[in-house]
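This is model-v7.cif. It holds mmCIF, C-alpha atoms.
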data_input
#
loop_
_atom_site.label_atom_id
_atom_site.label_comp_id
_atom_site.auth_asym_id
_atom_site.auth_seq_id
_atom_site.Cartn_x
_atom_site.Cartn_y
_atom_site.Cartn_z
CA MET A 1 159.96 80.70 75.15
CA LEU A 2 159.26 78.00 77.76
CA LYS A 3 161.31 79.96 80.28
CA HIS A 4 159.15 83.05 79.74
CA ILE A 5 155.96 81.02 80.10
CA ILE A 6 157.17 79.58 83.42
CA GLU A 7 158.08 83.07 84.64
CA GLU A 8 154.57 84.28 83.88
CA LYS A 9 152.81 81.49 85.78
CA PHE A 10 150.96 83.96 88.00
CA LEU A 11 149.66 85.88 85.00
CA LEU A 12 148.64 82.61 83.33
CA LEU A 13 146.85 81.63 86.54
CA ALA A 14 144.96 84.93 86.41
CA LEU A 15 144.11 84.31 82.75
CA VAL A 16 142.73 80.86 83.56
CA ALA A 17 140.69 82.41 86.38
CA ALA A 18 139.21 84.93 83.94
CA ILE A 19 138.37 82.22 81.39
CA VAL A 20 136.68 80.13 84.08
CA ALA A 21 134.93 83.07 85.77
CA TYR A 22 132.88 84.24 82.79
CA PRO A 23 130.86 81.06 82.18
CA LEU A 24 130.47 80.59 85.94
CA GLU A 25 129.36 84.18 86.55
CA PRO A 26 125.64 83.33 87.00
CA LEU A 27 126.55 80.75 89.66
CA MET A 28 128.84 83.21 91.45
CA VAL A 29 126.25 85.98 91.48
CA HIS A 30 123.08 83.95 92.08
CA GLY A 31 124.48 81.07 94.14
CA GLY A 32 123.99 82.83 97.46
CA GLN A 33 125.88 85.40 99.52
CA GLY A 34 128.53 82.93 100.73
CA VAL A 35 129.33 81.71 97.21
CA ALA A 36 129.49 85.30 95.93
CA LEU A 37 131.82 86.39 98.72
CA LEU A 38 134.13 83.39 98.24
CA SER A 39 134.17 83.92 94.47
CA ALA A 40 134.99 87.62 94.90
CA GLY A 41 137.85 86.72 97.26
CA LEU A 42 139.33 84.23 94.79
CA LEU A 43 139.03 86.74 91.96
CA VAL A 44 140.76 89.40 94.07
CA VAL A 45 143.67 86.97 94.57
CA ALA A 46 143.79 86.42 90.80
CA ILE A 47 143.77 90.18 90.19
CA ILE A 48 146.66 90.63 92.64
CA CYS A 49 148.60 87.87 90.85
CA ALA A 50 148.14 89.68 87.54
CA SER A 51 148.97 93.09 89.03
CA LEU A 52 152.19 91.70 90.53
CA ARG A 53 153.32 90.63 87.07
CA VAL A 54 152.30 93.99 85.62
CA ALA A 55 154.35 95.72 88.32
CA HIS A 56 157.28 93.35 87.74
CA HIS A 57 157.49 94.24 84.08
CA ALA A 58 156.95 97.92 84.86
CA GLU A 59 159.86 97.61 87.29
CA MET A 60 162.02 95.98 84.61
CA LEU A 61 161.28 98.87 82.27
CA ALA A 62 161.95 101.27 85.13
CA GLU A 63 165.38 99.76 85.81
CA LYS A 64 166.22 100.07 82.13
CA VAL A 65 165.41 103.78 81.87
CA GLY A 66 166.41 104.76 85.45
CA ASP A 67 164.99 107.50 87.67
CA PRO A 68 162.93 109.61 87.39
CA TYR A 69 161.45 107.86 84.35
CA GLY A 70 161.48 104.50 86.11
CA THR A 71 159.28 105.42 89.04
CA MET A 72 156.98 107.29 86.67
CA ILE A 73 156.41 104.01 84.78
CA LEU A 74 155.76 102.17 88.06
CA THR A 75 153.23 104.69 89.34
CA LEU A 76 151.46 105.01 85.98
CA ALA A 77 151.10 101.23 85.78
CA ALA A 78 149.51 101.17 89.25
CA VAL A 79 147.16 104.05 88.41
CA LEU A 80 146.19 102.35 85.15
CA VAL A 81 145.17 99.23 87.07
CA GLU A 82 143.20 101.35 89.53
CA VAL A 83 141.38 103.31 86.80
CA VAL A 84 140.46 100.12 84.93
CA ILE A 85 139.00 98.49 88.05
CA LEU A 86 137.20 101.69 89.10
CA ALA A 87 135.68 102.26 85.66
CA ILE A 88 134.38 98.70 85.49
CA MET A 89 132.96 98.75 89.03
CA MET A 90 131.26 102.10 88.38
CA SER A 91 129.73 100.84 85.13
CA ASN A 92 128.35 97.71 86.83
CA ALA A 93 127.00 99.21 90.04
CA PRO A 94 127.40 103.00 90.21
CA SER A 95 128.31 104.22 93.69
CA PRO A 96 128.28 107.97 94.38
CA THR A 97 131.25 107.76 96.76
CA LEU A 98 133.39 104.94 95.33
CA VAL A 99 135.76 107.18 93.33
CA ARG A 100 136.23 109.63 96.21
CA ASP A 101 136.80 106.90 98.78
CA THR A 102 139.21 105.03 96.50
CA ILE A 103 141.36 108.09 95.85
CA TYR A 104 141.35 109.00 99.56
CA SER A 105 142.22 105.40 100.51
CA ALA A 106 145.01 105.30 97.94
CA VAL A 107 146.60 108.49 99.33
CA MET A 108 146.39 107.14 102.90
CA LEU A 109 147.86 103.80 101.78
CA ASP A 110 150.63 105.33 99.68
CA ILE A 111 151.82 108.07 102.05
CA ASN A 112 151.05 106.63 105.47
CA GLY A 113 151.22 102.93 104.63
CA ILE A 114 153.96 102.52 102.03
CA LEU A 115 156.13 105.52 102.95
CA GLY A 116 155.58 104.98 106.68
CA LEU A 117 156.42 101.27 106.69
CA ALA A 118 159.37 101.71 104.32
CA ALA A 119 160.87 104.58 106.33
CA LEU A 120 160.31 102.65 109.57
CA MET A 121 161.98 99.45 108.34
CA GLY A 122 164.71 101.29 106.45
CA GLY A 123 165.38 103.51 109.44
CA LEU A 124 165.69 100.56 111.82
CA LYS A 125 168.23 98.96 109.46
CA HIS A 126 170.20 101.95 108.17
CA GLY A 127 169.45 104.80 110.57
CA GLU A 128 168.99 108.01 108.59
CA GLN A 129 168.32 107.54 104.88
CA SER A 130 169.01 110.30 102.37
CA TYR A 131 166.90 111.49 99.44
CA ASN A 132 166.41 114.65 97.38
CA ASP A 133 164.17 116.96 99.41
CA ASP A 134 163.24 118.93 96.25
CA SER A 135 161.19 115.95 95.13
CA ALA A 136 159.32 115.68 98.44
CA ARG A 137 158.39 119.37 98.44
CA THR A 138 157.26 119.25 94.82
CA TYR A 139 155.13 116.17 95.36
CA SER A 140 153.60 117.45 98.60
CA VAL A 141 152.47 120.84 97.30
CA MET A 142 151.02 119.30 94.13
CA ILE A 143 149.13 116.60 96.06
CA LEU A 144 147.70 119.26 98.40
CA THR A 145 146.66 121.45 95.44
CA ALA A 146 145.14 118.56 93.47
CA MET A 147 143.18 117.20 96.45
CA GLY A 148 142.02 120.66 97.43
CA VAL A 149 140.71 121.49 93.96
CA SER A 150 139.11 118.12 93.25
CA MET A 151 138.07 116.81 96.69
CA VAL A 152 137.55 119.77 99.05
CA VAL A 153 136.21 122.65 96.94
CA PRO A 154 133.38 120.51 95.39
CA GLU A 155 131.66 120.60 98.81
CA PHE A 156 130.82 124.27 98.09
CA ILE A 157 129.73 123.87 94.45
CA PRO A 158 125.93 124.10 93.90
CA GLU A 159 124.42 120.87 92.61
CA GLY A 160 123.21 122.54 89.42
CA ARG A 161 126.75 123.70 88.55
CA TRP A 162 128.50 120.34 88.98
CA ALA A 163 129.05 119.81 85.24
CA LEU A 164 130.74 123.19 84.82
CA TYR A 165 133.07 122.66 87.77
CA SER A 166 133.69 119.07 86.69
CA GLY A 167 134.92 120.33 83.32
CA PHE A 168 137.14 122.87 85.08
CA THR A 169 138.56 120.14 87.33
CA ILE A 170 139.46 118.00 84.32
CA GLY A 171 141.30 120.94 82.73
CA ALA A 172 143.06 121.87 85.99
CA MET A 173 144.27 118.31 86.59
CA LEU A 174 145.56 117.98 83.02
CA VAL A 175 147.40 121.30 83.26
CA LEU A 176 148.95 120.28 86.59
CA TYR A 177 150.04 116.90 85.25
CA SER A 178 151.43 118.39 82.04
CA LEU A 179 153.62 120.77 84.02
CA PHE A 180 154.61 118.04 86.48
CA LEU A 181 155.53 115.70 83.60
CA ARG A 182 157.61 118.43 81.97
CA MET A 183 159.45 118.97 85.25
CA GLN A 184 159.93 115.26 85.91
CA VAL A 185 161.41 114.40 82.52
CA GLY A 186 162.67 117.83 81.47
CA PRO A 187 165.07 120.43 82.84
CA HIS A 188 164.06 119.79 86.46
CA SER A 189 164.38 116.01 86.36
CA TYR A 190 167.17 116.25 88.94
CA PHE A 191 164.45 117.13 91.49
CA PHE A 192 163.40 113.48 91.43
CA SER A 193 166.75 111.72 91.53
CA TYR A 194 169.55 111.25 94.04
CA ASN A 195 173.17 110.29 93.53
CA TYR A 196 174.30 107.50 95.82
CA PRO A 197 178.11 107.64 96.00
CA GLU A 198 178.34 104.11 97.38
CA LYS A 199 176.38 102.60 94.53
CA LYS A 200 178.43 100.08 92.61
CA ARG A 201 177.95 99.67 88.91
CA ARG A 202 177.31 96.16 87.77
CA LYS A 203 179.15 94.79 84.83
CA PRO A 204 177.04 94.29 81.71
CA SER A 205 175.63 90.78 81.67
CA ALA A 206 174.74 88.50 78.82
CA GLU A 207 171.09 89.49 79.35
CA ALA A 208 171.95 93.03 78.29
CA GLU A 209 172.18 91.83 74.71
CA GLU A 210 168.56 90.70 74.92
CA ALA A 211 167.42 94.11 76.19
CA PRO A 212 165.37 95.10 73.10
CA VAL A 213 163.64 91.71 73.10
CA ARG A 214 162.97 91.83 76.84
CA THR A 215 161.70 95.42 76.59
CA GLY A 216 159.19 94.50 73.91
CA PHE A 217 158.13 91.43 75.87
CA SER A 218 157.68 93.47 79.06
CA ILE A 219 155.53 96.04 77.28
CA GLY A 220 153.40 93.28 75.76
CA VAL A 221 152.94 91.49 79.09
CA LEU A 222 152.13 94.78 80.83
CA VAL A 223 149.35 95.58 78.35
CA PHE A 224 148.04 92.01 78.37
CA GLY A 225 148.07 91.98 82.18
CA VAL A 226 145.91 95.12 82.35
CA VAL A 227 143.40 93.50 79.96
CA VAL A 228 143.24 90.39 82.15
CA ILE A 229 142.76 92.55 85.25
CA GLY A 230 139.89 94.35 83.56
CA ALA A 231 138.22 91.04 82.67
CA LEU A 232 138.59 89.76 86.24
CA ALA A 233 137.33 93.03 87.72
CA GLU A 234 134.17 92.78 85.63
CA VAL A 235 133.07 89.58 87.38
CA MET A 236 134.63 90.41 90.74
CA SER A 237 132.67 93.65 91.12
CA LYS A 238 129.34 91.88 90.57
CA ALA A 239 130.17 89.04 92.97
CA MET A 240 131.43 91.48 95.60
CA ASP A 241 128.26 93.58 95.46
CA VAL A 242 126.17 90.48 96.15
CA GLY A 243 128.57 89.13 98.79
CA LEU A 244 128.69 92.38 100.80
CA GLU A 245 125.00 93.20 100.50
CA GLY A 246 123.47 93.32 103.97
CA SER A 247 126.69 92.10 105.61
CA GLY A 248 127.21 95.25 107.67
CA ALA A 249 130.68 95.75 106.14
CA PRO A 250 131.96 99.36 106.17
CA PRO A 251 130.86 101.23 103.00
CA VAL A 252 134.48 102.19 102.30
CA LEU A 253 135.62 98.55 102.14
CA SER A 254 135.28 98.30 98.34
CA ALA A 255 137.30 101.48 97.89
CA ILE A 256 140.07 100.26 100.20
CA LEU A 257 140.16 96.97 98.30
CA VAL A 258 140.61 98.74 94.95
CA ALA A 259 143.36 100.95 96.40
CA ALA A 260 145.10 97.95 98.00
CA ILE A 261 145.02 95.92 94.77
CA SER A 262 146.67 98.72 92.78
CA ALA A 263 149.20 99.46 95.56
CA ALA A 264 150.18 95.86 96.39
CA PRO A 265 153.10 95.69 93.91
CA GLU A 266 154.29 99.17 94.94
CA ILE A 267 154.53 98.06 98.57
CA LEU A 268 156.97 95.27 97.68
CA THR A 269 159.05 97.55 95.45
CA ALA A 270 159.20 100.32 98.07
CA LEU A 271 160.19 97.94 100.89
CA ARG A 272 162.97 96.45 98.77
CA ALA A 273 164.23 99.95 97.98
CA ALA A 274 164.14 101.02 101.65
CA LEU A 275 166.01 97.94 102.84
CA ALA A 276 168.58 98.56 100.09
CA ASN A 277 168.99 102.13 101.42
CA ARG A 278 167.41 103.71 98.33
CA MET A 279 164.98 106.12 99.98
CA GLN A 280 164.67 108.30 96.87
CA SER A 281 162.91 105.44 95.10
CA VAL A 282 160.54 105.09 98.06
CA VAL A 283 159.69 108.81 97.99
CA ASN A 284 159.15 108.72 94.23
CA ILE A 285 156.94 105.62 94.47
CA ALA A 286 154.84 106.63 97.49
CA LEU A 287 154.33 110.33 96.76
CA GLY A 288 154.39 109.82 92.99
CA ALA A 289 151.65 107.20 93.24
CA SER A 290 149.54 109.49 95.45
CA LEU A 291 149.91 112.40 93.04
CA SER A 292 149.24 110.25 89.98
CA THR A 293 146.16 108.72 91.63
CA VAL A 294 144.61 112.13 92.24
CA ILE A 295 145.78 113.96 89.18
CA LEU A 296 145.02 111.20 86.65
CA THR A 297 142.12 109.26 88.18
CA VAL A 298 140.03 112.40 88.79
CA PRO A 299 139.89 113.64 85.16
CA VAL A 300 139.19 110.15 83.78
CA MET A 301 136.33 109.50 86.20
CA GLU A 302 134.98 113.07 85.93
CA ALA A 303 134.93 112.66 82.13
CA MET A 304 133.03 109.41 82.61
CA ALA A 305 130.51 111.23 84.83
CA LEU A 306 130.03 113.97 82.23
CA TYR A 307 129.57 111.39 79.49
CA THR A 308 126.96 109.42 81.40
CA GLY A 309 125.34 112.47 82.97
CA GLN A 310 125.57 110.80 86.38
CA PRO A 311 127.52 112.92 88.90
CA PHE A 312 129.17 111.34 91.92
CA GLN A 313 130.27 112.70 95.27
CA MET A 314 133.89 113.92 95.13
CA ALA A 315 133.93 116.14 98.23
CA MET A 316 135.59 114.37 101.15
CA THR A 317 133.78 113.93 104.44
CA PRO A 318 134.96 116.09 107.40
CA VAL A 319 136.86 113.09 108.85
CA GLN A 320 138.56 112.39 105.51
CA THR A 321 139.47 116.06 105.09
CA VAL A 322 141.05 116.21 108.55
CA MET A 323 143.00 112.96 107.96
CA ALA A 324 144.23 114.16 104.56
CA PHE A 325 145.30 117.52 106.04
CA ILE A 326 147.14 115.89 108.97
CA THR A 327 148.84 113.42 106.60
CA LEU A 328 150.09 116.12 104.23
CA LEU A 329 151.16 118.36 107.13
CA VAL A 330 153.16 115.55 108.76
CA CYS A 331 154.59 114.65 105.35
CA ALA A 332 155.70 118.26 104.76
CA ILE A 333 157.37 118.41 108.20
CA ASN A 334 159.05 114.99 107.96
CA LEU A 335 160.29 115.36 104.39
CA ASN A 336 161.88 118.79 104.57
CA ASP A 337 165.49 117.94 105.43
CA GLY A 338 166.57 115.30 102.92
CA GLU A 339 166.72 112.45 105.45
CA THR A 340 164.19 110.01 106.92
CA ASN A 341 164.42 107.94 110.09
CA ALA A 342 162.41 105.33 111.97
CA ILE A 343 160.55 107.91 114.09
CA GLU A 344 159.27 109.70 110.99
CA GLY A 345 158.24 106.36 109.53
CA MET A 346 156.38 105.46 112.72
CA THR A 347 154.39 108.73 112.71
CA HIS A 348 153.07 107.94 109.25
CA PHE A 349 152.38 104.32 110.13
CA VAL A 350 150.37 105.40 113.19
CA LEU A 351 148.33 107.64 110.89
CA PHE A 352 147.78 104.62 108.63
CA GLY A 353 146.54 102.64 111.62
CA THR A 354 144.19 105.52 112.46
CA PHE A 355 142.86 105.45 108.89
CA VAL A 356 142.18 101.70 109.17
CA MET A 357 140.42 102.13 112.52
CA LEU A 358 138.23 104.99 111.26
CA SER A 359 137.32 102.90 108.21
CA LEU A 360 136.30 99.97 110.40
CA LEU A 361 134.13 102.35 112.42
CA GLY A 362 132.45 103.42 109.19
CA LEU A 363 133.82 106.99 109.35
#

Can you dump the structure from the file as structure tokens?
Amino acid sequence: MLKHIIEEKFLLLALVAAIVAYPLEPLMVHGGQGVALLSAGLLVVAIICASLRVAHHAEMLAEKVGDPYGTMILTLAAVLVEVVILAIMMSNAPSPTLVRDTIYSAVMLDINGILGLAALMGGLKHGEQSYNDDSARTYSVMILTAMGVSMVVPEFIPEGRWALYSGFTIGAMLVLYSLFLRMQVGPHSYFFSYNYPEKKRRKPSAEAEEAPVRTGFSIGVLVFGVVVIGALAEVMSKAMDVGLEGSGAPPVLSAILVAAISAAPEILTALRAALANRMQSVVNIALGASLSTVILTVPVMEAMALYTGQPFQMAMTPVQTVMAFITLLVCAINLNDGETNAIEGMTHFVLFGTFVMLSLLGL
């Protein structure tokens, strides 16, 4: 028991931060802009600590069940964290563009940031890295469809018809995800896996006997971690609103922060997989996270909008639409032959740099 407690020191640190933050919330929010900004920064660090532990236990469950189920657990855990933070921030200070900007930022971060950096570093170390190109094609076409339906078409929907189209979008996303889930864990699961002939099987260790116990513990910690993240996000969102008010910070900064918090654990997992020459895991994590972000976050937040009667802006700006189109086009070209290399990784990473620059310019 003591060993487990020591292992979860980061999660315990996040828990302590949440316990301390609630009684000190008035001071954080009303103590001035500097105090609010510093408090929000510390709470973001605490949230990242908790999300790292959530991702660690999701990764342990993923290793137990193997691909494609494993990466599905990883991406769902990240999306769950994102949805929790988004829902809390929207309930505290509704922003008409926060959901749209967060989803867009997450796709840019996942495909151009995570996939780009992983393919670049993996390519420099191993040269060409193999993966199952069926998975890349499936992910790409579904991401393009989901973003088109939920984030491009709404630009042409009359304001008085938003509720009707919102309901349609929820149904379309659920149908897409149901079919995708059936493919991923059903008869087409081989689309999302790759056999590495050089992979050596490890001998069963003594820890294998504790697998049921560890599995239950991991599930419990994962759920508890999400609750702690939600509690921290409640205070963090209020402090951040005060800290950024009148600061001249780009409007999209909050959205990028939410996307970065949920993607932070995935970045570490993807880089480890790329350096270990396991590009299939990188593709599943990066593209799977992008797809899950769009296809699961949209219906949850649209349902929230219908419930509250407060619509928000889902249609991307022209700059965002162009960047999303270029990203998915480059992704489709790069991931069509079953191998990645450093040049392909660099193209995506340059697009990620472009996204950061445009965000700093307020575009």

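Between Ala21 in chain A and the residues A:Leu109, A:Ala40, A:Ala118, A:Met142, the shortest atom-to-atom distance, using all atoms listed in the file, involves A:Ala40.
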
Need the shell around Ile73 in chain A: protein/DNA/RNA residues with any atom at most 12 Å away, counting all atoms listed in the file. Skip same-chain ones fewer than 4 positions apart. Format as an MDAnalysis selection string? chainID A and resid 54:69 77:80 181 184:185 219 222 266 284:285 288:289 292

For Gly148 in chain A: contacts at 10 Å, only C-alpha atoms, fewer than 6 positions along chain excluded, given as a PDB file with C-alpha atoms, keeping the file's coordinate frame:
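Saved as result.pdb:
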ATOM      1  CA  MET A 142     151.020 119.300  94.130  1.00  0.00           C
ATOM      2  CA  PRO A 154     133.380 120.510  95.390  1.00  0.00           C
ATOM      3  CA  ALA A 315     133.930 116.140  98.230  1.00  0.00           C
ATOM      4  CA  MET A 316     135.590 114.370 101.150  1.00  0.00           C
ATOM      5  CA  THR A 321     139.470 116.060 105.090  1.00  0.00           C
ATOM      6  CA  ALA A 324     144.230 114.160 104.560  1.00  0.00           C
ATOM      7  CA  PHE A 325     145.300 117.520 106.040  1.00  0.00           C
TER       8      PHE A 325
END

I'd like the neighbourhood of range 224-235 of chain A as a ChimeraX atom specification, where a residue qualifies if any of its atoms comes within 6 Å (using all atoms listed in the file), though same-chain residues fewer than 6 positions away should be ignored. /A:18,47,50,54,84-85,88

With the cut-off set at 12 Å and counting all atoms listed in the file, tabulate each residue of range 281-304 of chain A with an atom at most that distance from an atom of range 101-108 of chain A, showing the nearest atom pair and its distance in Å to one decimal, ordered by chain and increasing number, as CSV.
residue,atom,partner,partner_atom,distance
A:Ile285,CA,A:Val107,CA,11.8
A:Ala286,CA,A:Val107,CA,8.6
A:Leu287,CA,A:Val107,CA,8.4
A:Gly288,CA,A:Val107,CA,10.1
A:Ala289,CA,A:Val107,CA,8.0
A:Ser290,CA,A:Val107,CA,5.0
A:Leu291,CA,A:Val107,CA,8.1
A:Ser292,CA,A:Val107,CA,9.9
A:Thr293,CA,A:Ile103,CA,6.4
A:Val294,CA,A:Ile103,CA,6.3
A:Ile295,CA,A:Ile103,CA,9.9
A:Leu296,CA,A:Ile103,CA,10.4
A:Thr297,CA,A:Ile103,CA,7.8
A:Val298,CA,A:Ile103,CA,8.4
A:Met301,CA,A:Ile103,CA,11.0

Counting only C-alpha atoms, figure out which residue out of A:His30, A:Arg182, A:Arg137, A:Arg272 gets nearest to Asp337 in chain A.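 Smallest separation from Asp337 in chain A among the options: A:Arg137.
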
A:Cys49, A:Leu117, A:Val300, A:Met314 ranked by distance to Gly171 in chain A, top pick (using all atoms listed in the file): A:Val300
